[in-house]
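Colleague: The file below is input09.csv, CSV, C-alpha atoms and all ligand atoms:
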chain,number,residue,atom,x,y,z
A,1,MET,CA,-10.3,-38.1,14.8
A,2,ALA,CA,-10.3,-34.4,14.1
A,3,LYS,CA,-9.2,-32.3,17.1
A,4,GLN,CA,-12.0,-30.3,18.7
A,5,VAL,CA,-11.2,-26.6,18.3
A,6,LYS,CA,-12.7,-24.1,20.7
A,7,THR,CA,-10.4,-21.1,20.4
A,8,ILE,CA,-8.6,-19.9,17.4
A,9,GLY,CA,-5.9,-17.2,16.8
A,10,VAL,CA,-5.4,-15.1,13.8
A,11,LEU,CA,-2.2,-13.3,12.7
A,12,THR,CA,-0.7,-11.5,9.8
A,13,SER,CA,2.9,-12.1,8.8
A,14,GLY,CA,5.5,-10.9,6.2
A,15,GLY,CA,4.8,-7.9,4.0
A,16,ASP,CA,1.4,-6.3,4.6
A,17,ALA,CA,-1.2,-6.2,1.8
A,18,PRO,CA,-4.4,-4.3,1.3
A,19,GLY,CA,-7.3,-6.5,2.1
A,20,MET,CA,-5.7,-8.2,5.1
A,21,ASN,CA,-8.1,-6.4,7.4
A,22,ALA,CA,-11.1,-7.8,5.4
A,23,ALA,CA,-9.6,-11.3,5.8
A,24,ILE,CA,-9.1,-10.8,9.6
A,25,ARG,CA,-12.7,-9.5,9.9
A,26,ALA,CA,-14.0,-12.5,8.1
A,27,VAL,CA,-12.0,-14.9,10.2
A,28,VAL,CA,-13.2,-13.2,13.4
A,29,ARG,CA,-16.9,-13.0,12.5
A,30,THR,CA,-17.1,-16.5,10.9
A,31,ALA,CA,-15.4,-18.1,13.9
A,32,ILE,CA,-17.8,-16.4,16.3
A,33,ALA,CA,-20.7,-17.5,14.2
A,34,GLU,CA,-19.3,-21.1,14.4
A,35,GLY,CA,-19.3,-20.8,18.2
A,36,LEU,CA,-15.5,-20.3,18.5
A,37,LYS,CA,-13.6,-17.8,20.6
A,38,VAL,CA,-11.0,-15.7,18.7
A,39,LYS,CA,-7.7,-14.2,19.8
A,40,GLY,CA,-5.7,-11.8,17.8
A,41,ILE,CA,-1.9,-12.4,17.7
A,42,MET,CA,-0.1,-9.1,17.1
A,43,ARG,CA,3.0,-8.7,14.9
A,44,GLY,CA,3.0,-12.1,13.3
A,45,TYR,CA,5.2,-14.8,14.8
A,46,ALA,CA,7.2,-12.2,16.7
A,47,GLY,CA,4.1,-11.3,18.7
A,48,LEU,CA,3.3,-15.0,19.2
A,49,LEU,CA,6.6,-15.6,20.9
A,50,ALA,CA,6.3,-12.3,22.9
A,51,GLU,CA,2.7,-13.4,23.9
A,52,GLU,CA,1.2,-10.2,22.4
A,53,ILE,CA,-2.3,-11.8,22.3
A,54,ILE,CA,-5.6,-10.0,22.6
A,55,ASP,CA,-9.2,-11.2,22.8
A,56,MET,CA,-11.3,-10.3,19.8
A,57,ASP,CA,-15.0,-10.0,19.3
A,58,SER,CA,-17.2,-8.9,16.5
A,59,THR,CA,-16.7,-5.2,17.3
A,60,SER,CA,-12.8,-5.6,17.3
A,61,VAL,CA,-13.1,-5.6,13.5
A,62,SER,CA,-15.7,-2.9,13.0
A,63,ASP,CA,-14.8,-0.2,10.6
A,64,THR,CA,-11.8,-2.1,9.2
A,65,ILE,CA,-12.9,-3.5,5.8
A,66,ASN,CA,-12.0,-0.3,4.0
A,67,ARG,CA,-8.6,0.1,5.6
A,68,GLY,CA,-5.3,-0.8,4.1
A,69,GLY,CA,-2.5,-2.3,6.2
A,70,THR,CA,-3.2,-4.7,9.0
A,71,ILE,CA,-4.8,-3.9,12.3
A,72,LEU,CA,-2.9,-6.8,13.9
A,73,TYR,CA,0.4,-5.3,12.6
A,74,THR,CA,3.0,-7.6,10.9
A,75,ALA,CA,6.6,-8.5,11.4
A,76,ARG,CA,9.3,-10.8,10.2
A,77,CYS,CA,10.7,-13.1,12.9
A,78,GLN,CA,14.0,-14.9,12.5
A,79,GLU,CA,13.6,-16.7,15.8
A,80,PHE,CA,10.5,-18.5,14.5
A,81,THR,CA,12.5,-20.1,11.7
A,82,THR,CA,14.3,-22.2,14.3
A,83,PRO,CA,12.9,-25.5,15.9
A,84,GLU,CA,13.3,-23.9,19.3
A,85,GLY,CA,11.3,-20.8,18.2
A,86,GLN,CA,8.5,-23.0,16.7
A,87,LYS,CA,8.3,-25.2,19.8
A,88,GLN,CA,8.0,-22.0,21.9
A,89,GLY,CA,5.3,-20.8,19.6
A,90,ALA,CA,3.3,-24.0,20.0
A,91,GLU,CA,3.7,-23.8,23.8
A,92,VAL,CA,2.5,-20.2,23.8
A,93,CYS,CA,-0.6,-21.3,21.8
A,94,ARG,CA,-1.3,-24.0,24.4
A,95,LYS,CA,-0.8,-21.7,27.3
A,96,HIS,CA,-3.4,-19.3,25.8
A,97,GLY,CA,-5.8,-22.0,25.0
A,98,ILE,CA,-5.3,-21.5,21.2
A,99,ASP,CA,-6.2,-24.7,19.4
A,100,GLY,CA,-5.8,-23.4,15.8
A,101,VAL,CA,-4.4,-20.3,14.0
A,102,VAL,CA,-5.2,-18.6,10.7
A,103,VAL,CA,-2.0,-17.3,9.2
A,104,ILE,CA,-2.5,-14.6,6.6
A,105,GLY,CA,0.8,-14.0,4.7
A,106,GLY,CA,3.0,-15.4,2.0
A,107,ASP,CA,5.1,-18.5,1.4
A,108,GLY,CA,7.5,-17.8,4.3
A,109,SER,CA,4.6,-17.4,6.7
A,110,PHE,CA,3.1,-20.7,5.5
A,111,ARG,CA,6.3,-22.5,6.1
A,112,GLY,CA,5.9,-21.3,9.7
A,113,ALA,CA,2.3,-22.5,9.7
A,114,GLY,CA,3.3,-25.9,8.5
A,115,LYS,CA,5.8,-26.2,11.3
A,116,LEU,CA,3.2,-25.1,13.9
A,117,SER,CA,0.7,-27.7,12.5
A,118,SER,CA,3.3,-30.5,12.9
A,119,LEU,CA,3.6,-29.4,16.6
A,120,GLY,CA,-0.2,-30.0,17.1
A,121,ILE,CA,-1.6,-26.5,16.6
A,122,ASN,CA,-4.1,-26.6,13.7
A,123,CYS,CA,-3.1,-24.0,11.1
A,124,ILE,CA,-4.8,-22.7,8.0
A,125,GLY,CA,-3.1,-20.3,5.7
A,126,VAL,CA,-4.7,-17.5,3.7
A,127,PRO,CA,-2.6,-16.0,0.8
A,128,GLY,CA,-1.9,-12.3,1.5
A,129,THR,CA,0.8,-10.7,-0.6
A,130,ILE,CA,0.9,-8.0,-3.3
A,131,ASP,CA,3.3,-10.0,-5.3
A,132,LEU,CA,0.9,-12.7,-6.6
A,133,ASP,CA,3.8,-15.2,-6.2
A,134,ILE,CA,2.1,-18.0,-4.3
A,135,ALA,CA,2.1,-21.0,-6.6
A,136,CYS,CA,-1.0,-22.8,-5.5
A,137,THR,CA,-3.4,-19.9,-6.0
A,138,ASP,CA,-4.4,-17.7,-8.9
A,139,TYR,CA,-5.2,-14.9,-6.5
A,140,THR,CA,-3.4,-13.3,-3.5
A,141,ILE,CA,-5.0,-10.7,-1.3
A,142,GLY,CA,-3.5,-7.3,-2.1
A,143,PHE,CA,-2.4,-7.8,-5.7
A,144,ASP,CA,-5.4,-6.1,-7.2
A,145,THR,CA,-5.1,-3.0,-5.1
A,146,ALA,CA,-1.3,-2.8,-5.5
A,147,VAL,CA,-1.4,-3.2,-9.3
A,148,ASN,CA,-4.2,-0.6,-9.6
A,149,THR,CA,-2.2,1.9,-7.4
A,150,ALA,CA,0.9,1.4,-9.5
A,151,MET,CA,-1.1,1.7,-12.8
A,152,GLU,CA,-2.7,5.0,-11.7
A,153,ALA,CA,0.7,6.3,-10.7
A,154,ILE,CA,2.3,5.3,-14.1
A,155,ASP,CA,-0.6,7.0,-16.0
A,156,LYS,CA,0.3,10.2,-14.2
A,157,ILE,CA,4.0,9.8,-15.0
A,158,ARG,CA,3.1,9.2,-18.6
A,159,ASP,CA,1.3,12.6,-18.8
A,160,THR,CA,4.4,14.5,-17.8
A,161,SER,CA,6.7,12.2,-19.7
A,162,THR,CA,4.8,12.9,-22.9
A,163,SER,CA,4.7,16.7,-22.3
A,164,HIS,CA,8.5,16.8,-21.9
A,165,GLU,CA,9.1,14.1,-24.6
A,166,ARG,CA,11.1,12.1,-22.1
A,167,CYS,CA,11.9,8.5,-21.4
A,168,SER,CA,10.6,7.3,-18.0
A,169,ILE,CA,11.7,4.3,-16.0
A,170,ILE,CA,9.2,3.4,-13.3
A,171,GLU,CA,10.2,0.8,-10.8
A,172,VAL,CA,7.4,-1.2,-9.3
A,173,MET,CA,7.5,-3.7,-6.4
A,174,GLY,CA,8.5,-7.4,-6.8
A,175,ARG,CA,11.9,-8.5,-5.8
A,176,ARG,CA,11.6,-12.0,-7.2
A,177,ALA,CA,8.1,-11.8,-8.8
A,178,GLY,CA,7.3,-9.7,-11.9
A,179,TYR,CA,3.5,-9.9,-11.9
A,180,ILE,CA,3.0,-6.2,-10.9
A,181,ALA,CA,5.5,-5.1,-13.6
A,182,LEU,CA,3.9,-7.4,-16.2
A,183,TRP,CA,0.3,-6.2,-15.5
A,184,CYS,CA,1.3,-2.6,-15.3
A,185,GLY,CA,3.3,-3.0,-18.5
A,186,ILE,CA,0.2,-4.3,-20.3
A,187,GLY,CA,-2.3,-2.1,-18.5
A,188,ASN,CA,-0.2,1.1,-18.9
A,189,GLY,CA,0.8,0.4,-22.5
A,190,ALA,CA,4.5,0.5,-21.6
A,191,GLU,CA,7.2,0.3,-24.3
A,192,GLU,CA,9.4,-2.0,-22.2
A,193,ILE,CA,8.6,-4.4,-19.4
A,194,LEU,CA,11.6,-5.7,-17.4
A,195,LEU,CA,10.8,-8.7,-15.2
A,196,PRO,CA,13.2,-10.6,-12.9
A,197,GLU,CA,12.0,-13.9,-14.4
A,198,ARG,CA,12.8,-12.8,-18.0
A,199,TYR,CA,15.1,-9.8,-18.3
A,200,ASP,CA,18.3,-10.7,-20.2
A,201,GLY,CA,20.2,-7.6,-19.2
A,202,ASP,CA,20.6,-6.4,-22.8
A,203,GLU,CA,20.4,-2.6,-22.1
A,204,GLN,CA,21.9,-1.8,-25.5
A,205,ALA,CA,18.9,-3.4,-27.2
A,206,ILE,CA,16.6,-1.1,-25.1
A,207,ILE,CA,18.7,1.9,-26.1
A,208,ASN,CA,18.4,0.9,-29.8
A,209,ARG,CA,14.6,0.6,-29.5
A,210,ILE,CA,14.3,4.0,-27.8
A,211,ILE,CA,16.3,5.6,-30.6
A,212,GLU,CA,14.1,3.8,-33.2
A,213,ALA,CA,10.9,4.9,-31.4
A,214,ARG,CA,12.0,8.5,-31.3
A,215,LYS,CA,12.7,8.4,-35.1
A,216,LYS,CA,9.2,7.1,-35.6
A,217,GLY,CA,7.9,10.1,-33.7
A,218,LYS,CA,7.1,8.5,-30.3
A,219,LYS,CA,6.8,11.3,-27.7
A,220,HIS,CA,7.4,9.2,-24.6
A,221,TYR,CA,9.0,5.9,-23.8
A,222,ILE,CA,7.7,4.1,-20.7
A,223,ILE,CA,9.9,1.4,-19.1
A,224,VAL,CA,8.3,-0.6,-16.3
A,225,ASN,CA,11.1,-2.1,-14.3
A,226,ALA,CA,10.6,-4.6,-11.5
A,227,GLU,CA,12.3,-4.0,-8.2
A,228,GLY,CA,14.2,-7.3,-8.6
A,229,ILE,CA,16.1,-5.8,-11.5
A,230,GLY,CA,16.4,-2.4,-9.8
A,231,HIS,CA,19.1,0.1,-10.6
A,232,SER,CA,16.5,2.4,-12.2
A,233,ALA,CA,18.4,5.6,-11.5
A,234,SER,CA,21.7,4.4,-13.0
A,235,MET,CA,19.8,2.9,-15.9
A,236,ALA,CA,18.2,6.3,-16.5
A,237,ARG,CA,21.6,8.0,-16.5
A,238,ARG,CA,23.0,5.5,-19.0
A,239,ILE,CA,20.0,5.7,-21.3
A,240,GLU,CA,20.1,9.5,-21.3
A,241,ALA,CA,23.9,9.5,-22.1
A,242,ALA,CA,23.4,7.0,-24.9
A,243,THR,CA,20.3,8.4,-26.5
A,244,GLY,CA,20.5,12.1,-25.7
A,245,ILE,CA,16.8,11.9,-24.6
A,246,GLU,CA,16.1,13.2,-21.1
A,247,THR,CA,15.3,10.2,-18.9
A,248,ARG,CA,13.9,10.1,-15.4
A,249,ALA,CA,13.5,7.3,-12.9
A,250,THR,CA,10.7,7.0,-10.4
A,251,ILE,CA,10.6,4.3,-7.7
A,252,LEU,CA,7.0,3.8,-6.6
A,253,GLY,CA,8.0,1.8,-3.5
A,254,HIS,CA,5.8,1.1,-0.5
A,255,MET,CA,2.9,3.3,-1.7
A,256,GLN,CA,2.0,0.2,-3.6
A,257,ARG,CA,1.4,-1.7,-0.4
A,258,GLY,CA,-0.9,0.8,1.2
A,259,GLY,CA,-4.3,2.3,0.6
A,260,SER,CA,-7.9,1.3,0.7
A,261,PRO,CA,-8.4,-2.2,-0.8
A,262,THR,CA,-10.3,-2.6,-4.1
A,263,CYS,CA,-13.7,-4.3,-4.0
A,264,LYS,CA,-12.1,-7.4,-5.5
A,265,ASP,CA,-9.5,-7.6,-2.7
A,266,ARG,CA,-12.2,-7.0,0.0
A,267,VAL,CA,-14.5,-9.7,-1.4
A,268,TYR,CA,-11.9,-12.4,-2.1
A,269,ALA,CA,-10.3,-11.7,1.3
A,270,SER,CA,-13.7,-12.0,3.0
A,271,ILE,CA,-14.4,-15.3,1.3
A,272,MET,CA,-10.9,-16.7,2.0
A,273,GLY,CA,-10.9,-15.6,5.6
A,274,ALA,CA,-14.4,-17.1,6.2
A,275,ARG,CA,-13.3,-20.4,4.6
A,276,ALA,CA,-10.2,-20.5,6.8
A,277,ALA,CA,-12.3,-20.1,10.0
A,278,GLN,CA,-14.7,-22.8,8.8
A,279,LEU,CA,-11.9,-25.2,8.1
A,280,LEU,CA,-10.6,-24.7,11.7
A,281,ALA,CA,-14.1,-25.2,13.0
A,282,GLN,CA,-14.2,-28.5,11.2
A,283,GLY,CA,-10.9,-29.6,12.9
A,284,LYS,CA,-8.8,-29.3,9.7
A,285,SER,CA,-5.1,-28.4,9.9
A,286,ASN,CA,-2.1,-27.8,7.6
A,287,ARG,CA,-4.2,-26.4,4.7
A,288,LEU,CA,-4.0,-23.3,2.6
A,289,VAL,CA,-7.1,-21.6,1.2
A,290,ALA,CA,-6.5,-20.9,-2.5
A,291,TYR,CA,-8.4,-19.7,-5.6
A,292,ARG,CA,-7.8,-22.0,-8.5
A,293,HIS,CA,-9.5,-22.2,-11.9
A,294,GLY,CA,-12.4,-20.0,-10.7
A,295,GLU,CA,-13.1,-21.8,-7.4
A,296,TYR,CA,-12.1,-21.5,-3.8
A,297,VAL,CA,-10.3,-24.7,-2.6
A,298,ASP,CA,-8.0,-25.8,0.2
A,299,ILE,CA,-4.7,-27.6,-0.3
A,300,ASP,CA,-2.2,-29.3,1.9
A,301,ILE,CA,0.4,-26.7,3.0
A,302,HIS,CA,3.4,-28.9,2.1
A,303,GLU,CA,1.9,-29.8,-1.3
A,304,ALA,CA,1.2,-26.1,-1.9
A,305,LEU,CA,4.8,-25.1,-1.0
A,306,ALA,CA,6.3,-27.7,-3.3
A,307,MET,CA,4.5,-26.1,-6.3
A,308,GLN,CA,6.5,-23.7,-8.5
A,309,LYS,CA,5.3,-20.5,-10.0
A,310,ASP,CA,6.7,-18.7,-13.0
A,311,ILE,CA,5.3,-15.7,-14.9
A,312,SER,CA,2.6,-16.8,-17.3
A,313,GLU,CA,4.3,-17.4,-20.6
A,314,GLU,CA,1.1,-16.6,-22.5
A,315,GLN,CA,0.7,-13.2,-20.7
A,316,TYR,CA,4.4,-12.4,-21.2
A,317,GLN,CA,4.2,-13.2,-25.0
A,318,ILE,CA,1.1,-11.1,-25.4
A,319,ALA,CA,2.7,-8.3,-23.5
A,320,MET,CA,5.8,-8.5,-25.8
A,321,LYS,CA,3.7,-8.2,-28.9
A,322,LEU,CA,1.7,-5.2,-27.5
A,323,VAL,CA,4.7,-3.2,-26.4
A,324,ARG,CA,6.1,-2.4,-29.8
B,1,LIG,P1,6.0,-13.9,3.4
B,1,LIG,O1,5.2,-14.7,4.3
B,1,LIG,O2,5.4,-12.7,2.8
B,1,LIG,O3,6.7,-14.8,2.4
B,1,LIG,P2,8.6,-13.9,4.8
B,1,LIG,O4,9.3,-14.8,3.9
B,1,LIG,O5,9.4,-12.7,5.3
B,1,LIG,O6,7.2,-13.3,4.2
B,1,LIG,O7,8.2,-14.8,6.1
B,1,LIG,C1,7.4,-14.2,7.1
B,1,LIG,C2,7.8,-14.9,8.4
B,1,LIG,O8,7.5,-16.3,8.4
B,1,LIG,C3,9.3,-14.9,8.7
B,1,LIG,O9,9.8,-13.7,9.3
B,1,LIG,C4,9.4,-16.1,9.7
B,1,LIG,O10,9.0,-15.7,11.0
B,1,LIG,C5,8.4,-17.0,9.1
B,1,LIG,N1,9.1,-18.0,8.3
B,1,LIG,C6,9.6,-17.8,7.1
B,1,LIG,N2,10.3,-19.0,6.7
B,1,LIG,C7,10.1,-19.9,7.6
B,1,LIG,C8,10.4,-21.3,7.8
B,1,LIG,N3,11.2,-21.9,6.9
B,1,LIG,N4,10.1,-21.9,9.0
B,1,LIG,C9,9.4,-21.2,9.9
B,1,LIG,N5,9.0,-20.0,9.8
B,1,LIG,C10,9.3,-19.3,8.7
B,2,LIG,O1,6.4,-9.2,-0.7
B,2,LIG,C1,5.9,-7.9,-0.8
B,2,LIG,C2,7.0,-6.9,-1.1
B,2,LIG,O2,6.4,-5.7,-1.1
B,2,LIG,C3,7.8,-7.2,-2.3
B,2,LIG,O3,7.3,-6.8,-3.5
B,2,LIG,C4,9.1,-6.4,-1.9
B,2,LIG,O4,10.2,-6.9,-2.6
B,2,LIG,C5,9.2,-6.6,-0.5
B,2,LIG,O5,7.9,-6.9,0.0
B,2,LIG,C6,9.7,-5.4,0.3
B,2,LIG,O6,9.8,-5.7,1.6
B,2,LIG,P1,10.1,-4.6,2.7
B,2,LIG,O7,8.8,-4.0,3.1
B,2,LIG,O8,10.8,-5.3,3.8
B,2,LIG,O9,11.0,-3.6,2.1
What is this structure when it is put down as structure tokens?
Ligand code: ADP
Ligand code: F6P

Modeller:
Amino acid sequence: MAKQVKTIGVLTSGGDAPGMNAAIRAVVRTAIAEGLKVKGIMRGYAGLLAEEIIDMDSTSVSDTINRGGTILYTARCQEFTTPEGQKQGAEVCRKHGIDGVVVIGGDGSFRGAGKLSSLGINCIGVPGTIDLDIACTDYTIGFDTAVNTAMEAIDKIRDTSTSHERCSIIEVMGRRAGYIALWCGIGNGAEEILLPERYDGDEQAIINRIIEARKKGKKHYIIVNAEGIGHSASMARRIEAATGIETRATILGHMQRGGSPTCKDRVYASIMGARAAQLLAQGKSNRLVAYRHGEYVDIDIHEALAMQKDISEEQYQIAMKLVR
């Protein structure tokens, strides 16, 4: 029989993402509408272990839907990856009367949620990461805002790059996942797109293509490089030395994680947050809310974490045809 849930907690964990506040707001207001009490757990699992827990009501989330970051703050917590830390986390939940928790974060955060579920605390995950690297879902909260922020920045760099007839390397976020780079590469009309999942390290081939492009009269040469490949500054120096074309590197960095969320991020986050609170109200546990093939669904956490995600080969192949 499903456990009766009276009070739920909500936390954000791992890297923040624009739209997390919209998700928190939806969790809080939906839970209240379902007759549940809501507690905010500050700073992810670190705040859970430190018992940084606050009561939340409808007004706690007023004026937040348009704000980037997360009002609950976020953290990474090594201690929670240990069985002792997880046991302590479950005990803290019980002590504060928390029967279930909505965990908004990425794969790492969901592993924690899976552990907490197995210790009797009902957990539901909501995918929040700018990287779009969660296998079970076609959408993650924050990607749309981040990729648009990066795209606008690259458009600006392109203007100055063309004026100076330079080559520009722009490094976008994504240590293991190249989706931001791939989408910017397509959306910005880049000449090169370097993804951690695909780059073969053949810098000489890039140099040859830059020289060819210049011969054909191309005024700029935009290389979108993913963080996971990195070394943008040294790559720029080598390209300049080999081609004689002035080359500059720009690392966009954490600006991509901030800012007011796009409408898409706000709406998807609201629907996913609401769905998570409803699932807890129904006594469900160990599920992730996902968006798959045009529908919102929920999936067993362990099944979801066993899925693998690679860059879409179709998108990559199209991008490779459009760049040159
Ligand atoms: P993300 O959720 O964005 O993937 P991380 O991988 O940094 O970010 O994970 C966020 C937090 O989730 C970690 O700091 C840790 O507290 C918790 N976590 C990660 N992996 C595990 C695990 N295997 N077991 C329990 N908790 C984990
Ligand atoms: O997972 C989101 C992300 O922004 C990645 O793209 C990036 O590699 C990582 O987080 C950076 O983490 P930190 O904020 O710890 O530098």

Colleague: I'd like to know which of A:Ile229, A:Ile41, A:Ala304, A:Ala242 is closest to ligand LIG 2 (chain B), using only C-alpha atoms and all ligand atoms.

Modeller: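 Nearest candidate to ligand LIG 2 (chain B) out of A:Ile229, A:Ile41, A:Ala304, A:Ala242: A:Ile229.
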
Colleague: Quick one: residues within 8 Å of A:Ala135, only C-alpha atoms, excluding same-chain residues fewer than 6 positions away - as a list in words?

Modeller: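 Listing them by chain and then by number gives Ala304, Leu305, Met307, Gln308 and Lys309 of chain A.
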
Colleague: From the set A:Leu119, A:Glu240, A:Val289, A:Glu165, which residue has the shortest atom-to-atom contact distance to A:Gly217, counting all atoms listed in the file?

Modeller: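 Between A:Leu119, A:Glu240, A:Val289, A:Glu165, the residue approaching A:Gly217 most closely is A:Glu165.
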
Colleague: Check which residues of stretch 47-125 of chain A sit at most 12 Å from stretch 4-15 of chain A using only C-alpha atoms, and return one row each with the closest pair of atoms and their distance in Å to one decimal, ordered by chain and rising number, as a Markdown table.

Modeller:
| residue | atom | partner | partner_atom | distance |
| --- | --- | --- | --- | --- |
| A:Gly47 | CA | A:Leu11 | CA | 8.9 |
| A:Leu48 | CA | A:Leu11 | CA | 8.7 |
| A:Glu51 | CA | A:Gly9 | CA | 11.8 |
| A:Glu52 | CA | A:Leu11 | CA | 10.7 |
| A:Ile53 | CA | A:Gly9 | CA | 8.5 |
| A:Ile54 | CA | A:Gly9 | CA | 9.3 |
| A:Asp55 | CA | A:Gly9 | CA | 9.1 |
| A:Met56 | CA | A:Gly9 | CA | 9.3 |
| A:Asp57 | CA | A:Gly9 | CA | 11.9 |
| A:Gly69 | CA | A:Gly15 | CA | 9.5 |
| A:Thr70 | CA | A:Thr12 | CA | 7.3 |
| A:Ile71 | CA | A:Thr12 | CA | 9.0 |
| A:Leu72 | CA | A:Thr12 | CA | 6.6 |
| A:Tyr73 | CA | A:Thr12 | CA | 6.9 |
| A:Thr74 | CA | A:Ser13 | CA | 5.0 |
| A:Ala75 | CA | A:Ser13 | CA | 5.8 |
| A:Arg76 | CA | A:Gly14 | CA | 5.5 |
| A:Cys77 | CA | A:Gly14 | CA | 8.8 |
| A:Gln78 | CA | A:Gly14 | CA | 11.3 |
| A:Phe80 | CA | A:Ser13 | CA | 11.5 |
| A:Ala90 | CA | A:Gly9 | CA | 11.9 |
| A:Val92 | CA | A:Gly9 | CA | 11.3 |
| A:Cys93 | CA | A:Gly9 | CA | 8.4 |
| A:Arg94 | CA | A:Thr7 | CA | 10.4 |
| A:Lys95 | CA | A:Thr7 | CA | 11.8 |
| A:His96 | CA | A:Thr7 | CA | 9.0 |
| A:Gly97 | CA | A:Thr7 | CA | 6.6 |
| A:Ile98 | CA | A:Thr7 | CA | 5.2 |
| A:Asp99 | CA | A:Val5 | CA | 5.5 |
| A:Gly100 | CA | A:Ile8 | CA | 4.8 |
| A:Val101 | CA | A:Gly9 | CA | 4.4 |
| A:Val102 | CA | A:Val10 | CA | 4.7 |
| A:Val103 | CA | A:Leu11 | CA | 5.3 |
| A:Ile104 | CA | A:Thr12 | CA | 4.8 |
| A:Gly105 | CA | A:Ser13 | CA | 5.0 |
| A:Gly106 | CA | A:Gly14 | CA | 6.6 |
| A:Asp107 | CA | A:Gly14 | CA | 9.0 |
| A:Gly108 | CA | A:Gly14 | CA | 7.4 |
| A:Ser109 | CA | A:Ser13 | CA | 5.9 |
| A:Phe110 | CA | A:Ser13 | CA | 9.2 |
| A:Arg111 | CA | A:Ser13 | CA | 11.3 |
| A:Gly112 | CA | A:Ser13 | CA | 9.7 |
| A:Ala113 | CA | A:Ser13 | CA | 10.5 |
| A:Gly120 | CA | A:Val5 | CA | 11.6 |
| A:Ile121 | CA | A:Ile8 | CA | 9.7 |
| A:Asn122 | CA | A:Val5 | CA | 8.5 |
| A:Cys123 | CA | A:Gly9 | CA | 9.3 |
| A:Ile124 | CA | A:Val10 | CA | 9.6 |
| A:Gly125 | CA | A:Val10 | CA | 9.9 |

Colleague: Of the residues A:Asn66, A:Thr59, A:Asn21, A:Gln86, which is the one nearest to ligand LIG 1 (chain B), using only C-alpha atoms and all ligand atoms?

Modeller: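 Of the candidates, the smallest distance to ligand LIG 1 (chain B) is held by A:Gln86.
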
Colleague: Identify which of the residues A:Lys284, A:Arg248, A:His302, A:Arg166 lies closest to ligand LIG 1 (chain B), counting only C-alpha atoms and all ligand atoms when measuring atom-to-atom distances.

Modeller: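 Answer, going by the shortest atom-to-atom distance: A:His302.
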
Colleague: Kindly provide, as AutoDock Vina command-line options, the centre and edge lengths (Å, one decimal) of an axis-aligned box around all atoms of ligand LIG 1 (chain B) given in the file, with 6 Å on each side.

Modeller:
--center_x 8.2 --center_y -17.3 --center_z 6.7 --size_x 18.0 --size_y 21.2 --size_z 20.6

Colleague: Within 6 Å of ligand LIG 2 (chain B) (counting all atoms listed in the file), which residues show up? I'd like them as a ChimeraX atom specification.

Modeller: /A:15,129-131,173-175

Colleague: Can you work out which one of A:Ile170, A:Ile239, A:Ile24, A:Ala177 has the shortest atom-to-atom distance to ligand LIG 1 (chain B), counting all atoms listed in the file?

Modeller: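 Nearest candidate to ligand LIG 1 (chain B) out of A:Ile170, A:Ile239, A:Ile24, A:Ala177: A:Ala177.
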
Colleague: Please report the interatomic distance between atom CA of A:Gly244 and atom CA of A:Gln204 in Å with one decimal.

Modeller: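 Atom CA of A:Gln204 lies 14.0 Å from atom CA of A:Gly244.
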
Colleague: Please, which residues are within 9 Å of (11.9, -10.5, -15.4) by the file's coordinates, counting all atoms listed in the file, and could they come as a ChimeraX atom specification?

Modeller: /A:176-178,181-182,193-200,225-226,228-229,311

Colleague: Could you tell me how far atom CA of A:Gly89 sits from atom CA of A:Ala50, in Å to one decimal place?

Modeller: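 Computing it gives 9.2 Å between the two atoms.
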
Colleague: How far is it from atom CA of A:Cys167 to atom CA of A:Met320, in Å with one decimal?

Modeller: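 Interatomic distance here is 18.6 Å.
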
Colleague: Tell me, counting all atoms listed in the file, for each residue of stretch 257-296 of chain A within 10 Å of stretch 141-161 of chain A, which pair of atoms is nearest and how far apart they are in Å to one decimal, in rows ordered by chain and increasing number, as a Markdown table.

Modeller:
| residue | atom | partner | partner_atom | distance |
| --- | --- | --- | --- | --- |
| A:Arg257 | CA | A:Ala146 | CA | 5.9 |
| A:Gly258 | CA | A:Ala146 | CA | 7.6 |
| A:Gly259 | CA | A:Thr145 | CA | 7.8 |
| A:Ser260 | CA | A:Thr145 | CA | 7.7 |
| A:Pro261 | CA | A:Thr145 | CA | 5.5 |
| A:Thr262 | CA | A:Thr145 | CA | 5.3 |
| A:Cys263 | CA | A:Thr145 | CA | 8.8 |
| A:Lys264 | CA | A:Asp144 | CA | 7.0 |
| A:Asp265 | CA | A:Ile141 | CA | 5.6 |
| A:Arg266 | CA | A:Ile141 | CA | 8.2 |
| A:Val267 | CA | A:Ile141 | CA | 9.6 |
| A:Tyr268 | CA | A:Ile141 | CA | 7.2 |
| A:Ala269 | CA | A:Ile141 | CA | 6.0 |
| A:Ser270 | CA | A:Ile141 | CA | 9.8 |
| A:Met272 | CA | A:Ile141 | CA | 9.0 |
